[in-house]
>>> print(open('upload.txt').read())   # compact mmCIF, C-alpha atoms
# COMPACT_ATOMS: atom_id res chain seq x y z
CA MET A 1 -63.16 49.12 40.23
CA ASP A 2 -60.29 48.31 38.13
CA THR A 3 -57.53 47.01 40.29
CA THR A 4 -55.02 46.25 37.56
CA SER A 5 -51.84 48.21 37.58
CA ASP A 6 -51.25 50.94 35.09
CA THR A 7 -47.64 49.87 34.61
CA PRO A 8 -47.24 49.01 30.93
CA THR A 9 -45.95 45.52 30.27
CA PRO A 10 -42.73 45.59 28.29
CA PRO A 11 -43.11 44.36 24.73
CA PRO A 12 -41.69 40.92 24.07
CA PRO A 13 -38.17 41.11 22.75
CA ALA A 14 -37.90 40.99 19.02
CA PRO A 15 -36.78 37.55 17.86
CA GLU A 16 -33.16 37.46 16.92
CA PRO A 17 -32.57 37.02 13.22
CA ARG A 18 -31.63 33.49 12.36
CA ARG A 19 -27.94 33.14 11.79
CA LEU A 20 -26.25 30.52 9.69
CA THR A 21 -23.57 29.03 11.92
CA ARG A 22 -21.54 25.87 11.98
CA SER A 23 -22.54 23.44 14.69
CA THR A 24 -19.94 22.54 17.29
CA ARG A 25 -21.96 19.71 18.79
CA ASP A 26 -23.26 17.75 15.82
CA ARG A 27 -20.45 17.66 13.36
CA ILE A 28 -18.34 15.17 11.46
CA ILE A 29 -15.83 17.54 9.88
CA GLY A 30 -16.57 21.22 10.35
CA GLY A 31 -20.24 21.29 11.31
CA VAL A 32 -21.29 22.87 7.99
CA SER A 33 -23.97 20.32 7.09
CA SER A 34 -25.40 20.34 10.58
CA GLY A 35 -25.54 24.16 10.58
CA ILE A 36 -27.29 24.27 7.21
CA GLY A 37 -29.74 21.57 8.32
CA ARG A 38 -30.54 23.53 11.50
CA TYR A 39 -30.95 26.75 9.55
CA PHE A 40 -33.41 25.29 7.05
CA GLY A 41 -34.99 22.79 9.44
CA ILE A 42 -33.95 19.68 7.56
CA ASP A 43 -32.07 16.55 8.52
CA PRO A 44 -28.29 17.22 8.39
CA ALA A 45 -27.78 13.73 6.96
CA LEU A 46 -29.58 14.85 3.79
CA VAL A 47 -27.26 17.85 3.53
CA ARG A 48 -24.24 15.59 3.98
CA ILE A 49 -25.48 13.28 1.22
CA GLY A 50 -25.91 16.33 -0.99
CA PHE A 51 -22.34 17.49 -0.33
CA VAL A 52 -20.94 14.02 -1.09
CA ALA A 53 -22.97 13.80 -4.29
CA LEU A 54 -21.80 17.26 -5.41
CA ALA A 55 -18.22 16.37 -4.53
CA LEU A 56 -18.39 13.29 -6.73
CA LEU A 57 -20.16 15.12 -9.55
CA GLY A 58 -17.35 17.42 -10.57
CA GLY A 59 -16.01 18.45 -7.19
CA ILE A 60 -18.23 21.51 -6.71
CA GLY A 61 -19.36 20.16 -3.33
CA LEU A 62 -15.80 20.42 -2.07
CA ILE A 63 -15.61 24.08 -3.10
CA VAL A 64 -18.90 24.93 -1.43
CA TYR A 65 -17.95 23.04 1.72
CA GLY A 66 -14.51 24.62 1.84
CA ALA A 67 -15.99 28.10 1.35
CA ALA A 68 -18.55 27.50 4.09
CA LEU A 69 -15.82 26.24 6.37
CA LEU A 70 -13.88 29.46 5.88
CA LEU A 71 -16.77 31.94 5.85
CA VAL A 72 -19.50 30.58 8.13
CA PRO A 73 -18.76 31.21 11.81
CA LEU A 74 -19.08 28.63 14.56
CA ASP A 75 -22.15 28.74 16.77
CA GLU A 76 -22.06 30.37 20.21
CA GLU A 77 -20.49 27.41 21.94
CA GLY A 78 -17.69 27.29 19.44
CA ALA A 79 -17.43 31.06 19.24
CA ALA A 80 -16.05 31.09 22.78
CA ALA A 81 -12.73 30.31 21.25
CA PRO A 82 -12.67 32.36 18.05
CA THR A 83 -10.23 31.53 15.35
CA SER A 84 -7.23 33.76 15.54
CA PRO A 85 -6.30 35.83 12.46
CA ARG A 86 -3.03 33.90 12.36
CA ASP A 87 -4.87 30.56 12.21
CA ARG A 88 -7.22 31.84 9.54
CA ALA A 89 -4.32 33.17 7.47
CA LEU A 90 -2.57 29.82 7.88
CA ALA A 91 -5.74 27.98 6.81
CA ILE A 92 -6.17 30.14 3.73
CA SER A 93 -2.49 29.73 2.81
CA ILE A 94 -2.64 25.96 3.16
CA ALA A 95 -5.92 25.83 1.22
CA ILE A 96 -4.37 27.84 -1.61
CA GLY A 97 -1.32 25.58 -1.52
CA LEU A 98 -3.49 22.48 -1.71
CA ILE A 99 -5.48 23.91 -4.61
CA ILE A 100 -2.25 24.66 -6.49
CA ALA A 101 -1.02 21.14 -5.72
CA GLY A 102 -4.32 19.75 -6.94
CA LEU A 103 -4.06 21.76 -10.14
CA ILE A 104 -0.54 20.48 -10.70
CA PHE A 105 -1.46 16.87 -10.02
CA GLY A 106 -4.71 17.18 -11.94
CA SER A 107 -5.13 18.60 -15.41
CA PHE A 108 -5.01 22.33 -15.95
CA GLY A 109 -7.92 22.36 -18.35
CA PHE A 110 -10.27 20.27 -16.23
CA ILE A 111 -10.24 22.18 -13.01
CA PHE A 112 -13.55 21.26 -11.48
CA GLY A 113 -13.51 17.60 -12.44
CA GLY A 114 -9.88 16.66 -12.81
CA ALA A 115 -8.20 18.50 -9.98
CA LEU A 116 -10.68 19.11 -7.22
CA VAL A 117 -11.81 15.54 -6.72
CA PRO A 118 -8.22 14.27 -6.27
CA LEU A 119 -7.57 17.34 -4.13
CA GLY A 120 -10.57 16.55 -1.97
CA PHE A 121 -9.46 12.96 -1.54
CA LEU A 122 -5.96 14.20 -0.75
CA VAL A 123 -7.34 16.40 2.02
CA LEU A 124 -9.55 13.62 3.36
CA VAL A 125 -6.68 11.15 3.31
CA GLY A 126 -4.46 13.66 5.09
CA VAL A 127 -7.03 14.30 7.81
CA ALA A 128 -7.69 10.56 8.20
CA VAL A 129 -3.99 9.72 8.46
CA TRP A 130 -3.45 12.42 11.08
CA TRP A 131 -6.50 11.17 12.96
CA LEU A 132 -5.16 7.61 12.99
CA ALA A 133 -1.65 8.70 13.90
CA THR A 134 -2.45 11.11 16.71
CA GLY A 135 -6.04 10.48 17.73
CA GLU A 136 -7.05 14.10 17.01
CA ARG A 137 -10.57 13.94 15.63
CA PRO A 138 -11.19 15.61 12.26
CA SER A 139 -13.03 18.56 13.74
CA GLY A 140 -12.34 22.10 14.78
CA SER A 141 -11.75 25.30 12.91
CA ALA A 142 -10.81 25.50 9.26
CA GLY A 143 -7.25 26.26 10.30
CA ASP A 144 -7.09 23.14 12.45
CA LEU A 145 -8.45 20.98 9.64
CA ALA A 146 -6.08 22.41 7.05
CA ARG A 147 -3.14 22.00 9.40
CA ARG A 148 -4.09 18.39 10.13
CA ALA A 149 -4.58 17.62 6.43
CA ALA A 150 -1.16 19.06 5.61
CA LEU A 151 0.52 17.22 8.49
CA GLY A 152 -1.25 13.98 7.58
CA ILE A 153 -0.18 14.22 3.94
CA GLY A 154 3.36 15.04 5.05
CA LEU A 155 3.40 12.05 7.37
CA LEU A 156 2.02 9.81 4.62
CA LEU A 157 4.66 11.00 2.13
CA THR A 158 7.44 10.56 4.68
CA CYS A 159 6.30 7.05 5.55
CA GLY A 160 5.90 6.22 1.84
CA ALA A 161 9.44 7.38 1.13
CA LEU A 162 10.73 5.36 4.10
CA ALA A 163 8.83 2.28 2.91
CA VAL A 164 10.24 2.53 -0.63
CA ALA A 165 13.75 3.06 0.71
CA SER A 166 13.34 0.10 3.06
CA PHE A 167 12.08 -2.13 0.23
CA PHE A 168 14.98 -1.34 -2.10
CA ALA A 169 17.62 -1.40 0.64
CA SER A 170 16.36 -4.78 1.85
CA GLY A 171 16.11 -6.19 -1.67
CA LEU A 172 19.60 -5.01 -2.57
CA GLY A 173 21.21 -6.89 0.27
CA GLY A 174 20.90 -4.39 3.09
CA GLY A 175 18.29 -6.37 4.99
CA VAL A 176 20.53 -6.85 8.03
CA VAL A 177 21.07 -3.09 8.28
CA VAL A 178 17.37 -2.37 7.87
CA ALA A 179 16.53 -4.96 10.53
CA GLY A 180 19.06 -3.23 12.77
CA ILE A 181 17.25 0.08 12.17
CA VAL A 182 13.95 -1.56 13.21
CA ILE A 183 15.56 -2.87 16.39
CA ALA A 184 17.10 0.54 17.11
CA ALA A 185 13.73 2.25 16.59
CA GLY A 186 12.14 -0.25 18.97
CA ALA A 187 14.84 0.34 21.58
CA ALA A 188 14.42 4.09 21.20
CA LEU A 189 10.67 3.71 21.76
CA VAL A 190 11.25 1.64 24.89
CA ALA A 191 13.73 4.18 26.25
CA ALA A 192 11.44 7.10 25.38
CA ALA A 193 8.52 5.42 27.16
CA PHE A 194 10.13 6.35 30.49
CA VAL A 195 10.58 10.01 29.62
CA GLY A 196 7.21 10.85 28.12
CA GLY A 197 7.09 8.58 25.06
CA ALA A 198 7.84 9.00 21.37
CA ARG A 199 4.63 7.91 19.70
CA TRP A 200 5.51 9.75 16.50
CA LEU A 201 8.18 7.07 15.94
CA VAL A 202 5.66 4.21 15.66
CA LEU A 203 4.48 4.91 12.10
CA PRO A 204 7.96 5.49 10.60
CA ALA A 205 9.19 2.31 12.33
CA LEU A 206 6.25 0.42 10.86
CA ALA A 207 6.95 1.92 7.43
CA VAL A 208 10.48 0.52 7.60
CA ALA A 209 9.62 -2.85 9.16
CA LEU A 210 6.75 -3.97 6.93
CA PRO A 211 8.55 -3.70 3.54
CA LEU A 212 11.50 -5.57 5.07
CA ALA A 213 9.06 -8.26 6.23
CA PHE A 214 7.62 -8.45 2.70
CA VAL A 215 11.08 -8.74 1.13
CA SER A 216 12.02 -11.42 3.66
CA ALA A 217 8.83 -13.41 3.15
CA ALA A 218 9.02 -13.30 -0.64
CA ASN A 219 12.80 -13.67 -0.57
CA ILE A 220 13.13 -10.83 -3.04
CA ASP A 221 16.65 -10.30 -4.32
CA LEU A 222 16.96 -7.13 -6.39
CA ASP A 223 20.63 -7.69 -7.09
CA GLY A 224 21.29 -8.22 -10.79
CA GLY A 225 20.09 -5.02 -12.37
CA PHE A 226 16.82 -3.47 -13.45
CA GLY A 227 14.95 -3.26 -16.73
CA GLU A 228 14.67 -5.56 -19.71
CA ARG A 229 17.32 -8.16 -20.34
CA ARG A 230 17.42 -10.60 -23.21
CA GLU A 231 19.93 -13.44 -23.46
CA ARG A 232 20.31 -15.55 -26.58
CA PRO A 233 23.24 -17.95 -26.33
CA ALA A 234 24.09 -19.47 -29.71
CA THR A 235 26.56 -22.12 -28.53
CA ILE A 236 26.79 -24.31 -25.47
CA ALA A 237 29.89 -22.35 -24.43
CA GLU A 238 27.84 -19.18 -24.23
CA LEU A 239 25.22 -20.78 -22.03
CA GLU A 240 25.61 -19.53 -18.49
CA GLN A 241 24.61 -21.59 -15.50
CA THR A 242 22.79 -18.71 -13.82
CA TYR A 243 20.78 -15.84 -15.25
CA ARG A 244 19.60 -13.21 -12.82
CA LEU A 245 17.78 -9.91 -12.84
CA GLY A 246 16.76 -7.67 -9.96
CA ALA A 247 13.54 -6.26 -11.37
CA GLY A 248 12.05 -6.21 -14.83
CA GLU A 249 11.78 -8.73 -17.64
CA LEU A 250 14.33 -11.44 -18.28
CA VAL A 251 14.12 -13.50 -21.45
CA VAL A 252 16.50 -16.43 -21.89
CA ASP A 253 16.08 -17.63 -25.45
CA LEU A 254 17.67 -21.07 -25.99
CA ARG A 255 15.88 -21.94 -29.20
CA GLU A 256 18.94 -21.55 -31.39
CA LEU A 257 21.01 -23.62 -29.05
CA ASP A 258 21.81 -27.16 -30.09
CA LEU A 259 21.83 -28.94 -26.76
CA PRO A 260 23.56 -32.35 -26.75
CA SER A 261 21.91 -35.23 -24.92
CA GLY A 262 22.30 -35.26 -21.17
CA ASP A 263 21.43 -32.85 -18.38
CA HIS A 264 22.00 -29.11 -18.61
CA PRO A 265 21.40 -27.16 -15.38
CA LEU A 266 20.06 -23.63 -15.63
CA LYS A 267 19.33 -21.30 -12.73
CA VAL A 268 16.98 -18.38 -13.25
CA ARG A 269 16.68 -15.79 -10.48
CA ILE A 270 14.52 -12.70 -10.58
CA GLY A 271 13.60 -10.39 -7.74
CA THR A 272 10.41 -8.90 -9.10
CA GLY A 273 9.08 -9.20 -12.62
CA HIS A 274 8.81 -11.73 -15.39
CA ALA A 275 11.28 -14.42 -16.40
CA LEU A 276 10.70 -16.27 -19.65
CA VAL A 277 12.80 -19.24 -20.77
CA LEU A 278 12.32 -20.26 -24.39
CA VAL A 279 13.48 -23.79 -25.19
CA PRO A 280 13.62 -25.90 -28.37
CA GLU A 281 10.81 -28.40 -28.82
CA ASP A 282 13.18 -31.37 -28.79
CA VAL A 283 14.45 -30.59 -25.29
CA CYS A 284 12.86 -32.06 -22.17
CA VAL A 285 12.46 -29.64 -19.29
CA ALA A 286 12.59 -30.64 -15.63
CA SER A 287 11.90 -27.72 -13.37
CA SER A 288 11.76 -26.66 -9.77
CA ALA A 289 11.12 -23.21 -8.43
CA GLU A 290 10.42 -21.20 -5.32
CA VAL A 291 8.14 -18.22 -5.77
CA GLY A 292 7.30 -15.79 -2.98
CA VAL A 293 4.27 -14.20 -4.62
CA GLY A 294 3.33 -15.02 -8.21
CA GLY A 295 3.38 -18.12 -10.31
CA VAL A 296 5.12 -20.63 -12.52
CA THR A 297 4.05 -21.82 -15.94
CA VAL A 298 5.91 -24.65 -17.67
CA PHE A 299 4.18 -25.30 -20.99
CA ASP A 300 0.74 -26.62 -20.09
CA ARG A 301 1.32 -26.79 -16.34
CA SER A 302 1.18 -23.92 -13.95
CA SER A 303 0.83 -22.93 -10.33
CA GLY A 304 0.46 -19.64 -8.55
CA GLY A 305 -0.20 -17.89 -5.27
CA ILE A 306 2.06 -17.23 -2.30
CA ASP A 307 4.93 -19.44 -1.14
CA VAL A 308 4.76 -21.47 -4.34
CA ASP A 309 7.02 -24.51 -4.19
CA TRP A 310 7.13 -25.86 -7.73
CA ASN A 311 8.56 -29.22 -8.62
CA ASP A 312 8.10 -30.88 -11.99
CA GLY A 313 10.68 -33.62 -12.28
CA ARG A 314 10.88 -35.24 -15.72
CA ARG A 315 13.06 -37.77 -17.46
CA ALA A 316 14.16 -37.19 -21.03
CA ARG A 317 13.50 -39.68 -23.77
CA THR A 318 16.47 -41.74 -24.76
CA GLY A 319 19.01 -39.60 -26.55
CA ALA A 320 17.20 -36.33 -25.84
CA ALA A 321 18.66 -33.40 -23.94
CA ARG A 322 17.19 -32.42 -20.59
CA LEU A 323 17.22 -28.87 -19.31
CA VAL A 324 17.06 -28.80 -15.51
CA ILE A 325 15.70 -25.39 -14.58
CA GLU A 326 15.90 -24.10 -11.03
CA GLY A 327 13.88 -20.94 -10.58
CA ASP A 328 13.89 -18.41 -7.78
CA VAL A 329 11.30 -15.67 -8.07
CA GLY A 330 10.52 -13.17 -5.34
CA LEU A 331 7.51 -11.44 -6.78
CA GLY A 332 6.47 -12.30 -10.32
CA LEU A 333 6.14 -15.02 -12.90
CA LEU A 334 8.47 -17.69 -14.27
CA GLU A 335 7.49 -19.10 -17.64
CA VAL A 336 9.00 -21.85 -19.75
CA ARG A 337 7.73 -22.04 -23.32
CA HIS A 338 8.62 -23.07 -26.83
CA ARG A 339 7.24 -19.97 -28.48
CA GLU A 340 7.20 -16.34 -27.45
CA HIS A 341 3.51 -15.73 -27.78
CA ASP A 342 0.46 -16.89 -25.88
CA HIS A 343 -0.13 -13.52 -24.34
CA ASP A 344 -3.60 -13.23 -25.81
CA ARG A 345 -6.75 -14.52 -24.19
CA ASP A 346 -8.79 -14.55 -27.37
CA GLY A 347 -8.24 -18.09 -28.55
CA PRO A 348 -11.06 -20.52 -29.19
CA PRO A 349 -12.82 -21.63 -26.03
CA TRP A 350 -11.95 -25.31 -26.50
CA GLN A 351 -8.23 -24.58 -26.51
CA ASP A 352 -6.22 -25.31 -23.37
CA ARG A 353 -5.52 -22.37 -21.10
CA ASP A 354 -3.14 -21.94 -18.22
CA ARG A 355 -4.25 -20.75 -14.81
CA PHE A 356 -3.68 -17.18 -15.93
CA GLY A 357 -6.25 -17.54 -18.70
CA ARG A 358 -3.79 -17.62 -21.57
CA VAL A 359 -4.16 -19.97 -24.49
CA THR A 360 -1.54 -22.70 -24.57
CA ASP A 361 -1.10 -25.73 -26.78
CA GLU A 362 2.47 -26.43 -25.81
CA ARG A 363 3.60 -29.68 -24.26
CA ASN A 364 6.76 -30.94 -22.61
CA ALA A 365 6.85 -33.51 -25.41
CA ALA A 366 10.52 -34.46 -25.33
CA CYS A 367 10.17 -36.00 -21.87
CA ALA A 368 9.41 -39.63 -21.24
CA THR A 369 7.06 -39.64 -18.28
CA ALA A 370 6.53 -37.63 -15.17
CA SER A 371 8.57 -39.03 -12.32
CA MET B 1 -2.84 13.39 31.64
CA ARG B 2 0.19 11.32 32.28
CA GLY B 3 2.43 12.34 35.09
CA PRO B 4 6.02 13.32 34.37
CA ARG B 5 7.33 9.96 35.55
CA GLU B 6 4.51 7.80 34.28
CA ILE B 7 5.46 5.26 31.64
CA ASP B 8 3.96 5.75 28.19
CA ARG B 9 2.46 2.33 27.66
CA LEU B 10 2.07 2.67 23.88
CA SER B 11 5.72 3.56 23.36
CA LEU B 12 6.83 0.76 25.67
CA VAL B 13 4.73 -1.99 24.08
CA ALA B 14 5.33 -0.82 20.51
CA GLY B 15 9.05 -0.58 21.21
CA LEU B 16 9.22 -4.12 22.59
CA VAL B 17 7.21 -5.41 19.63
CA PHE B 18 9.55 -3.68 17.18
CA VAL B 19 12.62 -5.06 18.94
CA LEU B 20 11.24 -8.61 18.76
CA PHE B 21 10.08 -8.23 15.16
CA GLY B 22 13.42 -6.71 14.19
CA VAL B 23 15.31 -9.62 15.76
CA VAL B 24 13.19 -12.12 13.81
CA LEU B 25 13.81 -10.18 10.58
CA LEU B 26 17.52 -9.98 11.38
CA LEU B 27 17.69 -13.74 11.84
CA ASP B 28 15.91 -14.24 8.54
CA ARG B 29 18.17 -11.85 6.65
CA SER B 30 21.25 -13.47 8.12
CA ASP B 31 19.99 -16.89 6.92
CA THR B 32 19.47 -18.27 10.41
CA LEU B 33 15.73 -18.52 9.80
CA HIS B 34 13.90 -19.07 6.55
CA LEU B 35 10.58 -17.28 6.80
CA THR B 36 7.82 -17.58 4.22
CA PHE B 37 4.58 -15.69 3.78
CA GLY B 38 2.83 -18.38 5.76
CA THR B 39 4.80 -17.44 8.86
CA MET B 40 5.59 -13.80 8.15
CA ALA B 41 2.08 -12.59 7.33
CA PRO B 42 0.54 -13.58 10.71
CA MET B 43 3.54 -12.09 12.46
CA ALA B 44 3.21 -8.76 10.61
CA PHE B 45 -0.53 -8.66 11.28
CA ALA B 46 0.13 -9.41 14.94
CA VAL B 47 2.60 -6.51 15.14
CA VAL B 48 0.11 -4.08 13.60
CA GLY B 49 -2.71 -5.52 15.70
CA VAL B 50 -0.85 -5.18 19.00
CA ILE B 51 0.07 -1.57 18.20
CA LEU B 52 -3.53 -0.72 17.26
CA LEU B 53 -4.80 -2.44 20.40
CA VAL B 54 -2.46 -0.58 22.72
CA THR B 55 -3.17 2.67 20.88
CA GLY B 56 -6.89 2.21 21.40
CA LEU B 57 -6.49 1.27 25.06
CA SER B 58 -4.21 4.21 25.80
CA ARG B 59 -6.66 6.63 24.12
CA ARG B 60 -9.53 5.25 26.15
CA GLU B 61 -7.63 6.08 29.30
>>> encode(input="upload.txt", output="structure tokens")
Amino acid sequence: MDTTSDTPTPPPPAPEPRRLTRSTRDRIIGGVSSGIGRYFGIDPALVRIGFVALALLGGIGLIVYGAALLLVPLDEEGAAAPTSPRDRALAISIAIGLIIAGLIFGSFGFIFGGALVPLGFLVLVGVAVWWLATGERPSGSAGDLARRAALGIGLLLTCGALAVASFFASGLGGGVVVAGIVIAAGAALVAAAFVGGARWLVLPALAVALPLAFVSAANIDLDGGFGERRERPATIAELEQTYRLGAGELVVDLRELDLPSGDHPLKVRIGTGHALVLVPEDVCVASSAEVGVGGVTVFDRSSGGIDVDWNDGRRARTGAARLVIEGDVGLGLLEVRHREHDHDRDGPPWQDRDRFGRVTDERNAACATAS
Amino acid sequence: MRGPREIDRLSLVAGLVFVLFGVVLLLDRSDTLHLTFGTMAPMAFAVVGVILLVTGLSRRE
């Protein structure tokens, strides 16, 4: 006798159709690669490599990733908190804004190669800066990512502007004021620590303090003007004791000057840039210089690096004139030469070269011996 | 979560570091000190390092 029940067993439920979703668990940015890997049953790392390769080869990977970020939904865990229409509208607006910015910064005729790669880097830099500044990981909805990228870029631009302003203000003699601002920012941070903190102030304070530290270390003095300046005194009366330039190129051409025997002091000060002193071949040059970052070249001798303390004391031959040069360079190069040339590196290999690789055959020949 | 009266350690330490660094820079700019890269670079790295360290520690908490 058949004892089995006549109750029909319910048919197994039909398998749900596979859905392409973004992973909320295994993700680096938006979970797109992980979702695609899960959908096709391949390692997400391979998908990520593919996206990076496509991003570098013309930027198409960035478009595909951005589109997937906007169109592919999060998986069930992430879907518990769906993106609000307002967030999505904000994300799309910011994405459009970034694309327009990328087109402006890139070239109009080279959209996929010229604009999207810089745009992609801009977005990545923005997200990374925001991550470093706030600790918010680069994950979440498209709206969150776009918002973080925009805030990160804004923070970067603000800090960049502060850093440039701090550099120029410090170099133009306002270092005491800028140092006071750093102290005030520090005091404000200390005070704010007792009422919840003001962590947003750390990066701007750093953006002000570090350029001031650089200016202080290199002793950069931007007072004296900017640009190209060329001085060519024809008589000893026209020869000034000090030539200075804030930033740019300063050329002091003394080759037409008939210097009588004896010592002739000459101070050359440049904040950032290149100072070139051209002297007649019958004049001995004794030189000393302080260089924050850069180098000094006096005919066939040179030195370079940071905190360069140059001293090349020479005595003139009997009856010859001696030019005693005192250089002060913040960031740049001080050169003393007979001829305005030597800026090519293509001379014969047996010819003498300075430490910067330039051909030189000049000598401080009017001096007696090195002291 | 920090309580309403709890001190924000990152702001406190970063603030003190900025005050000290600012005083050193002020002394240099007013010609009381003469700092070079040899002394300034380690100091600047130390400032950044301390801030990063405290940032990391406060996030871990």
>>> atom_distance(input="upload.txt", atom1="atom CA of A:Ser288", atom2="atom CA of A:Gly330")
14.3 Å
>>> residues_around(input="upload.txt", residues="stretch 42-56 of chain B", least_positions_apart="2", cutoff="9 Å", atoms="all atoms listed in the file", output="list of chain:residue names")
A:Gly135, A:Val202, A:Leu206, A:Ala209, A:Leu210, A:Ala213, B:Arg9, B:Leu10, B:Val13, B:Ala14, B:Val17, B:Phe18, B:Phe21, B:Phe37, B:Gly38, B:Thr39, B:Met40, B:Ser58, B:Arg59, B:Arg60, B:Glu61
>>> interface_residues(input="upload.txt", of="chain B", to="chain A", cutoff="6 Å", atoms="all atoms listed in the file", output="short mmCIF file (atom, residue, chain, number, x, y, z; two decimals) with C-alpha atoms, in the coordinates of the input")
data_model
loop_
_atom_site.label_atom_id
_atom_site.label_comp_id
_atom_site.auth_asym_id
_atom_site.auth_seq_id
_atom_site.Cartn_x
_atom_site.Cartn_y
_atom_site.Cartn_z
CA ILE B 7 5.46 5.26 31.64
CA ASP B 8 3.96 5.75 28.19
CA SER B 11 5.72 3.56 23.36
CA LEU B 12 6.83 0.76 25.67
CA GLY B 15 9.05 -0.58 21.21
CA PHE B 18 9.55 -3.68 17.18
CA VAL B 19 12.62 -5.06 18.94
CA GLY B 22 13.42 -6.71 14.19
CA LEU B 25 13.81 -10.18 10.58
CA LEU B 26 17.52 -9.98 11.38
CA ARG B 29 18.17 -11.85 6.65
CA LEU B 35 10.58 -17.28 6.80
CA THR B 36 7.82 -17.58 4.22
CA PHE B 37 4.58 -15.69 3.78
CA MET B 40 5.59 -13.80 8.15
#
>>> atom_distance(input="upload.txt", atom1="atom CA of A:Gly246", atom2="atom CA of A:Gly171")
8.4 Å
>>> atom_distance(input="upload.txt", atom1="atom CA of A:Val298", atom2="atom CA of A:Gly225")
24.8 Å
>>> closest_residue(input="upload.txt", among="A:Asn311, A:Gly327, A:Gly126, A:Leu46", to="A:Tyr243", atoms="all atoms listed in the file")
A:Gly327
